[in-house]
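Peer 1: Provided herewith: protein.cif, mmCIF, C-alpha atoms and all ligand atoms.
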data_model
#
loop_
_atom_site.label_atom_id
_atom_site.label_comp_id
_atom_site.auth_asym_id
_atom_site.auth_seq_id
_atom_site.Cartn_x
_atom_site.Cartn_y
_atom_site.Cartn_z
CA MET A 1 -12.13 0.44 -9.83
CA ALA A 2 -11.76 2.07 -13.19
CA ALA A 3 -8.89 4.51 -13.50
CA ASN A 4 -9.86 8.17 -13.36
CA ARG A 5 -7.13 9.23 -15.77
CA THR A 6 -7.57 12.99 -15.23
CA VAL A 7 -8.11 15.47 -12.45
CA ARG A 8 -11.48 17.22 -12.40
CA ARG A 9 -10.61 20.81 -11.58
CA VAL A 10 -7.62 22.91 -10.52
CA TRP A 11 -7.56 26.28 -8.79
CA ALA A 12 -4.54 28.56 -8.51
CA LEU A 13 -5.77 30.09 -5.27
CA ASP A 14 -5.34 33.80 -4.58
CA ALA A 15 -1.75 34.20 -3.45
CA PRO A 16 -0.15 36.53 -0.91
CA GLN A 17 2.75 38.47 -2.40
CA LEU A 18 6.34 39.09 -1.42
CA ALA A 19 8.81 41.62 -2.79
CA VAL A 20 12.32 40.30 -3.40
CA ASP A 21 15.45 41.28 -5.24
CA CYS A 22 15.59 39.41 -8.57
CA GLY A 23 19.01 38.10 -7.58
CA LEU A 24 17.28 35.97 -4.94
CA LEU A 25 15.26 34.27 -7.69
CA MET A 26 18.01 33.69 -10.25
CA LEU A 27 21.78 34.02 -10.07
CA GLY A 28 23.21 36.98 -11.93
CA THR A 29 20.02 39.00 -12.18
CA GLY A 30 20.17 41.15 -9.03
CA GLY A 31 19.49 44.85 -8.68
CA VAL A 32 15.77 44.94 -9.50
CA ARG A 33 13.03 44.35 -6.94
CA GLU A 34 10.17 42.16 -8.06
CA THR A 35 6.84 41.22 -6.50
CA ILE A 36 6.18 37.46 -6.58
CA PRO A 37 3.20 35.32 -5.57
CA SER A 38 3.35 32.68 -2.81
CA PRO A 39 0.90 30.16 -4.29
CA ALA A 40 -1.17 27.19 -3.23
CA PHE A 41 -2.89 25.04 -5.86
CA LEU A 42 -6.08 23.13 -5.10
CA VAL A 43 -6.77 19.99 -7.15
CA GLU A 44 -10.15 18.26 -7.25
CA HIS A 45 -9.89 14.56 -8.08
CA ALA A 46 -12.34 11.68 -7.86
CA GLU A 47 -10.26 10.44 -4.90
CA GLY A 48 -10.75 13.75 -3.08
CA LEU A 49 -9.18 17.18 -2.74
CA LEU A 50 -5.43 17.65 -2.89
CA LEU A 51 -3.45 20.79 -2.06
CA PHE A 52 -0.06 21.50 -3.62
CA ASP A 53 1.74 23.80 -1.19
CA THR A 54 0.07 25.87 1.48
CA SER A 55 1.42 29.39 0.95
CA LEU A 56 1.90 31.61 4.01
CA ALA A 57 0.58 31.15 7.56
CA SER A 58 -3.05 32.19 8.07
CA SER A 59 -1.96 33.97 11.25
CA ALA A 60 -0.08 36.36 8.96
CA ALA A 61 -3.22 37.42 7.09
CA GLY A 62 -3.85 41.08 7.77
CA ASP A 63 -0.79 41.26 10.05
CA PRO A 64 2.27 39.62 8.43
CA ALA A 65 4.64 40.71 11.21
CA ALA A 66 2.61 38.65 13.71
CA ALA A 67 3.82 35.44 12.07
CA TYR A 68 7.01 36.52 10.35
CA GLY A 69 8.52 39.28 12.48
CA GLU A 70 11.11 41.30 10.62
CA LEU A 71 10.83 39.09 7.53
CA ALA A 72 7.40 40.67 6.95
CA ALA A 73 8.93 44.06 6.32
CA ALA A 74 12.02 42.70 4.56
CA PHE A 75 9.79 40.89 2.04
CA GLN A 76 7.02 43.53 2.11
CA ILE A 77 4.54 40.68 2.61
CA ASP A 78 1.06 41.54 1.33
CA PHE A 79 -1.53 39.05 2.63
CA PRO A 80 -5.19 40.13 2.70
CA GLU A 81 -7.50 38.26 5.12
CA THR A 82 -9.57 36.95 2.23
CA TYR A 83 -6.54 35.03 0.94
CA ARG A 84 -6.44 32.70 3.94
CA LEU A 85 -6.70 29.14 2.65
CA ASP A 86 -9.65 28.28 4.91
CA ARG A 87 -11.59 31.28 3.60
CA GLN A 88 -10.77 30.51 -0.02
CA LEU A 89 -11.81 26.89 0.42
CA ALA A 90 -15.08 28.04 1.99
CA ALA A 91 -15.68 30.40 -0.94
CA ILE A 92 -15.43 27.41 -3.31
CA GLY A 93 -17.72 25.36 -1.07
CA TYR A 94 -15.21 23.22 0.82
CA ARG A 95 -13.97 22.90 4.39
CA THR A 96 -10.32 22.44 5.34
CA SER A 97 -11.27 18.91 6.47
CA ASP A 98 -12.23 18.12 2.87
CA VAL A 99 -8.55 18.37 1.85
CA ARG A 100 -7.47 14.74 2.02
CA ARG A 101 -3.95 15.04 0.69
CA ILE A 102 -1.15 17.60 0.87
CA VAL A 103 1.78 17.55 -1.52
CA LEU A 104 4.48 19.89 -0.25
CA SER A 105 7.06 21.19 -2.72
CA HIS A 106 9.41 21.86 0.22
CA LEU A 107 9.36 23.27 3.73
CA HIS A 108 10.49 26.88 3.17
CA PHE A 109 8.15 29.29 4.98
CA ASP A 110 6.46 30.63 1.84
CA HIS A 111 5.15 27.12 0.98
CA SER A 112 4.45 25.52 4.36
CA GLY A 113 2.67 28.29 6.28
CA GLY A 114 -0.81 26.77 5.99
CA LEU A 115 0.13 23.24 7.09
CA ASP A 116 -1.45 23.82 10.53
CA LEU A 117 -4.89 23.90 8.87
CA PHE A 118 -4.55 20.31 7.61
CA PRO A 119 -3.28 18.01 10.39
CA HIS A 120 -5.74 15.33 9.24
CA ALA A 121 -4.39 15.17 5.68
CA GLN A 122 -2.25 12.44 4.19
CA GLY A 123 1.05 14.14 3.38
CA PHE A 124 3.55 13.65 0.58
CA ILE A 125 6.98 15.21 0.85
CA GLY A 126 10.40 14.68 -0.67
CA ALA A 127 12.63 12.25 1.23
CA GLY A 128 14.85 13.97 3.76
CA GLU A 129 13.03 17.32 3.59
CA LEU A 130 11.61 17.30 7.12
CA ARG A 131 14.87 16.03 8.57
CA TYR A 132 16.78 18.80 6.77
CA ALA A 133 14.29 21.49 7.85
CA ARG A 134 14.92 20.57 11.48
CA THR A 135 18.70 20.95 11.08
CA PRO A 136 19.27 23.08 7.97
CA SER A 137 22.59 24.39 6.79
CA ASN A 138 23.36 28.03 7.48
CA LEU A 139 22.70 28.67 3.80
CA ASP A 140 18.91 28.61 3.94
CA ALA A 141 18.17 28.30 7.68
CA ALA A 142 16.34 31.67 7.61
CA PHE A 143 13.72 30.21 5.24
CA PHE A 144 12.49 27.61 7.73
CA ARG A 145 9.98 28.67 10.41
CA GLU A 146 9.69 26.70 13.64
CA ALA A 147 5.87 26.86 13.69
CA ASP A 148 5.69 25.33 10.19
CA ILE A 149 8.01 22.49 11.17
CA GLU A 150 5.87 21.83 14.27
CA ALA A 151 2.72 21.79 12.11
CA ALA A 152 4.47 19.44 9.67
CA GLY A 153 5.24 17.19 12.64
CA ARG A 154 1.49 16.63 13.15
CA ILE A 155 0.99 15.33 9.60
CA ALA A 156 1.55 11.70 8.61
CA TRP A 157 3.99 12.02 5.70
CA ASN A 158 4.88 9.66 2.93
CA GLU A 159 8.38 10.36 1.64
CA VAL A 160 9.07 10.42 -2.09
CA PRO A 161 12.65 9.27 -2.75
CA ALA A 162 14.95 11.51 -4.76
CA GLY A 163 15.00 10.41 -8.38
CA TYR A 164 11.59 8.71 -8.22
CA ASP A 165 8.39 10.15 -9.68
CA HIS A 166 5.31 8.86 -7.84
CA ASP A 167 2.05 8.24 -9.71
CA LEU A 168 -0.29 9.09 -6.83
CA PHE A 169 -3.39 7.20 -7.92
CA GLY A 170 -1.76 4.80 -10.36
CA ASP A 171 -3.69 6.29 -13.28
CA GLY A 172 -1.30 9.02 -14.45
CA SER A 173 -3.64 11.83 -13.37
CA VAL A 174 -1.42 13.15 -10.56
CA VAL A 175 2.32 12.50 -10.60
CA LEU A 176 4.70 13.75 -7.91
CA LEU A 177 7.94 14.83 -9.56
CA SER A 178 11.28 14.45 -7.81
CA LEU A 179 13.05 17.78 -8.42
CA HIS A 180 15.52 17.85 -5.54
CA GLY A 181 18.36 20.36 -5.43
CA HIS A 182 16.78 23.61 -4.23
CA THR A 183 16.26 21.66 -0.99
CA PRO A 184 16.98 17.96 -0.38
CA GLY A 185 13.35 16.97 -0.99
CA THR A 186 11.98 19.47 -3.48
CA LEU A 187 8.95 18.11 -5.37
CA GLY A 188 6.90 19.28 -8.33
CA LEU A 189 3.50 18.09 -9.52
CA LYS A 190 2.30 16.90 -12.93
CA LEU A 191 -1.45 16.95 -13.55
CA ARG A 192 -3.44 15.50 -16.43
CA MET A 193 -6.25 17.94 -17.02
CA PRO A 194 -9.80 17.00 -18.08
CA ASP A 195 -8.97 17.77 -21.76
CA GLU A 196 -5.88 15.47 -21.54
CA SER A 197 -3.47 18.42 -21.55
CA THR A 198 -0.69 18.32 -18.96
CA LEU A 199 0.09 20.95 -16.33
CA VAL A 200 3.47 20.86 -14.57
CA LEU A 201 3.80 22.86 -11.35
CA THR A 202 7.43 23.41 -10.43
CA GLY A 203 7.33 24.58 -6.83
CA ASP A 204 10.77 26.12 -6.24
CA ALA A 205 12.67 23.74 -8.48
CA ALA A 206 12.64 26.87 -10.67
CA HIS A 207 11.94 30.44 -9.59
CA LYS A 208 11.76 32.09 -13.02
CA ARG A 209 10.98 30.87 -16.53
CA ALA A 210 14.37 32.23 -17.55
CA SER A 211 16.00 29.95 -14.93
CA VAL A 212 14.74 26.92 -16.86
CA GLU A 213 15.77 28.31 -20.22
CA ALA A 214 19.30 29.15 -18.99
CA THR A 215 19.68 26.24 -16.48
CA THR A 216 20.52 28.78 -13.79
CA GLY A 217 19.58 28.34 -10.14
CA MET A 218 19.29 30.76 -7.24
CA PRO A 219 21.73 31.66 -4.43
CA PHE A 220 20.17 29.42 -1.76
CA ASP A 221 19.99 26.11 -3.66
CA VAL A 222 21.53 23.53 -1.31
CA ASP A 223 22.72 21.27 -4.14
CA ARG A 224 23.61 23.08 -7.38
CA LEU A 225 24.31 19.94 -9.41
CA ASN A 226 20.94 18.34 -8.70
CA LYS A 227 19.23 21.72 -8.98
CA ASN A 228 20.53 22.00 -12.54
CA SER A 229 19.29 18.47 -13.28
CA ALA A 230 15.88 19.50 -11.96
CA LEU A 231 15.86 22.55 -14.25
CA GLN A 232 16.79 20.31 -17.20
CA LYS A 233 14.02 17.87 -16.26
CA ILE A 234 11.50 20.72 -16.19
CA ARG A 235 12.71 21.92 -19.57
CA LEU A 236 12.29 18.40 -21.03
CA LEU A 237 8.81 18.04 -19.54
CA GLY A 238 7.90 21.32 -21.22
CA THR A 239 8.83 19.89 -24.63
CA GLN A 240 6.22 17.13 -24.33
CA PRO A 241 3.16 17.76 -26.53
CA GLY A 242 0.25 19.37 -24.76
CA THR A 243 2.31 20.26 -21.69
CA THR A 244 2.48 23.65 -20.00
CA VAL A 245 4.96 24.37 -17.21
CA TRP A 246 3.91 26.84 -14.50
CA ILE A 247 6.83 28.31 -12.56
CA SER A 248 5.19 28.85 -9.18
CA HIS A 249 6.91 32.13 -8.18
CA ASP A 250 7.27 33.63 -11.66
CA PRO A 251 5.13 36.79 -11.63
CA GLN A 252 4.77 36.71 -15.41
CA ASP A 253 3.49 33.12 -15.38
CA TRP A 254 1.11 34.13 -12.60
CA ALA A 255 -0.18 37.09 -14.61
CA ASP A 256 -0.45 35.13 -17.86
CA PHE A 257 -1.95 31.91 -16.51
CA ARG A 258 -4.45 33.47 -14.13
CA ALA A 259 -5.70 36.05 -16.61
CA ALA A 260 -8.91 34.06 -17.07
CA GLY A 261 -9.42 33.47 -13.34
CA ALA A 262 -8.34 31.19 -10.51
CA GLU A 263 -9.92 28.03 -11.93
CA ILE A 264 -7.68 26.37 -14.52
CA THR A 265 -9.57 24.09 -16.86
CA SER A 266 -6.93 23.33 -19.49
CA ALA A 267 -3.15 23.46 -19.61
CA ALA A 268 -3.29 23.75 -23.40
CA GLU A 269 -5.00 27.12 -23.16
CA LEU A 270 -2.26 28.54 -20.93
CA GLN A 271 0.35 30.24 -23.05
CA PRO A 272 3.56 31.37 -21.34
CA ARG A 273 5.33 34.41 -22.69
CA VAL A 274 8.67 33.64 -24.33
CA THR A 275 11.56 35.25 -22.44
CA ASP A 276 15.14 36.07 -23.30
CA PRO A 277 17.22 33.13 -21.99
CA THR A 278 20.25 35.35 -21.42
CA PRO A 279 20.47 36.59 -17.83
CA ALA A 280 20.44 40.40 -17.64
ZN ZN B 301 9.43 29.75 -2.45
#
Starting from the file, lay out its structure as structure tokens.
Peer 2:
Amino acid sequence: MAANRTVRRVWALDAPQLAVDCGLLMLGTGGVRETIPSPAFLVEHAEGLLLFDTSLASSAAGDPAAAYGELAAAFQIDFPETYRLDRQLAAIGYRTSDVRRIVLSHLHFDHSGGLDLFPHAQGFIGAGELRYARTPSNLDAAFFREADIEAAGRIAWNEVPAGYDHDLFGDGSVVLLSLHGHTPGTLGLKLRMPDESTLVLTGDAAHKRASVEATTGMPFDVDRLNKNSALQKIRLLGTQPGTTVWISHDPQDWADFRAAGAEITSAAELQPRVTDPTPA
């Protein structure tokens, strides 16, 4: 079969929001509260639909405390019913069963909440991530939710080893990036868009654009050395011609890149704002 070479379409789906202290996103920047998106990206490819991350649990839509208890208030979770992944897929003309593959950046609750909607999907996850989520260190144990780990247990996962980037279809159109450090199996995604531009989605390998520019992680990175390598890798990817890096939680990236709507047709047309690399 001829190689497809590019994805067909990408949507940055409507994202629930959380309010956090900036210091949670990047070391040395605390004291200001910021509202950040909890995204899921839908990718249409000739080989079928792929979802990168699954945002928050659909049971939290309209009633965040139902799924997250006291975390809902602590993070001021804002999750309208219309943002449920099944409803957004339906609005585009798809069913949840049409999603054939899930790539999970990592298992923290703000990325894995929708996994229960896709038990049929072929999963891709960083090596060791599920094992770690079941027995996390005290450092980030609060970010793993039992229901998400149970839902993950119903998916057949393929593990991507640390240090290995996996070309999903063998044509360069969708590449899973090993970006471990934030968690043991953190992944990013590199997409070749229809106009041959390249879109890099970081997951939580970086939380702010400034984190990449200053090689500075966040307080709950389990492995600071590899986290810094991941930040340097993201920075290098961003220097490649025609490449745009989208920091998943960065509210400014979200505002800039979604200004023209949820459907992203070209990475070249996305222009990130330049930030001051010096932490405040
Ligand atoms: Zn996150």
Peer 1: Write out as number ranges by chain the residues lying within 9 Å of Gly238 in chain A, counting all atoms listed in the file and excluding same-chain residues fewer than 6 positions away.
Peer 2: A: 200, 244-245
Peer 1: Determine, for each residue of range 193-259 of chain A having at least one atom at most 9 Å from an atom of range 17-38 of chain A, the closest pair of atoms and their separation in Å to one decimal, counting all atoms listed in the file; order by chain and ascending number, as CSV.
Peer 2:
residue,atom,partner,partner_atom,distance
A:Ala206,CA,A:Leu25,CA,8.4
A:His207,CA,A:Leu25,CA,5.4
A:Lys208,CA,A:Leu25,CA,6.7
A:Ala210,CA,A:Met26,CA,8.3
A:Ser211,CA,A:Met26,CA,6.3
A:Thr216,CA,A:Leu27,CA,6.5
A:Gly217,CA,A:Met26,CA,5.6
A:Met218,CA,A:Met26,CA,4.4
A:Pro219,CA,A:Leu27,CA,6.1
A:Phe220,CA,A:Leu24,CA,7.8
A:Ser248,CA,A:Ser38,CA,7.7
A:His249,CA,A:Pro37,CA,5.5
A:Asp250,CA,A:Ile36,CA,6.5
A:Pro251,CA,A:Ile36,CA,5.2
A:Gln252,CA,A:Ile36,CA,9.0
A:Trp254,CA,A:Pro37,CA,7.4
Peer 1: Using all atoms listed in the file, which protein or nucleic acid residues are at most 9 Å from ligand ZN 301 (chain B), as a ChimeraX atom specification?
Peer 2: /A:37-39,55,105-111,143,203-204,207,248-249
Peer 1: Please determine, counting only C-alpha atoms, which residue among A:Gly163, A:Pro64, A:Gly172, A:Pro184 has the shortest atom-to-atom distance to Glu81 in chain A.
Peer 2: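 Among A:Gly163, A:Pro64, A:Gly172, A:Pro184, it is A:Pro64 that comes nearest to Glu81 in chain A.
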Peer 1: As an exercise, work out the distance from CA of Val99 in chain A to CA of Gln122 in chain A in Å and give it to one decimal place.
Peer 2: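 CA of Gln122 in chain A lies at a distance of 9.0 Å from CA of Val99 in chain A.
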Peer 1: Given the choices A:Asp140, A:Glu269, A:Asp14, A:Glu150, which gets closest to Met193 in chain A if the distance is worked out from only C-alpha atoms?
Peer 2: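 Counting only C-alpha atoms, the residue closest to Met193 in chain A is A:Glu269.
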Peer 1: Report the distance between CA of Arg258 in chain A and CA of Asp167 in chain A in Å, rounded to one decimal place.
Peer 2: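 Distance reported for this atom pair: 26.4 Å.
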Peer 1: Given 6 Å of margin on each side, can you work out the centre and size in Å (one decimal) of an axis-aligned box holding every listed atom of range 229-235 of chain A, as lines of an AutoDock Vina configuration file?
Peer 2:
center_x = 15.4
center_y = 20.2
center_z = -15.8
size_x = 19.8
size_y = 16.7
size_z = 19.6
Peer 1: Which one of A:Ile77, A:Ala12, A:Leu42, A:Gly114 sits closest to Ala260 in chain A if you count only C-alpha atoms?
Peer 2: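 Among the listed residues, the smallest separation from Ala260 in chain A belongs to A:Ala12.
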Peer 1: State, in Å with one decimal place, the distance from CA of Thr215 in chain A to CA of Gln232 in chain A.
Peer 2: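 Straight-line distance from CA of Thr215 in chain A to CA of Gln232 in chain A works out to 6.6 Å.
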Peer 1: Just checking: using all atoms listed in the file, which residue out of A:Glu47, A:Leu189, A:Phe79, A:Ala74 ends up closest to Gly62 in chain A?
Peer 2: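 When distances to Gly62 in chain A are compared using all atoms listed in the file, the smallest one comes from A:Phe79.
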Peer 1: Which residues, protein or nucleic acid, reach to within 8 Å of (-3.2, 34.6, 6.1) in the file's coordinates when using all atoms listed in the file, and can you give that as a ChimeraX atom specification?
Peer 2: /A:16,56-62,64,79-85
Peer 1: I need the residue nearest Asp86 in chain A from this list: A:Ala205, A:Val160, A:Val103, A:Leu13. Use all atoms listed in the file for the distance.
Peer 2: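 Counting all atoms listed in the file, the residue closest to Asp86 in chain A is A:Leu13.
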Peer 1: For Gly123 in chain A, which residue among A:Tyr164, A:Tyr94, A:Phe52, A:Phe169 is the nearest when counting only C-alpha atoms?
Peer 2: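 Under the stated criterion, the closest residue is A:Phe52.
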Peer 1: Identify the residues around (-1.7, 23.5, 10.9) within a radius of 10 Å, measuring from all atoms listed in the file in the coordinates stated by the file, and give them as a list in words.
Peer 2: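 The distance filter leaves exactly Thr54, Ala57, Ser58, Ser112, Gly113, Gly114, Leu115, Asp116, Leu117, Phe118, Pro119, His120, Ala147, Asp148, Ile149, Glu150, Ala151, Ala152, Gly153, Arg154 and Ile155 of chain A.
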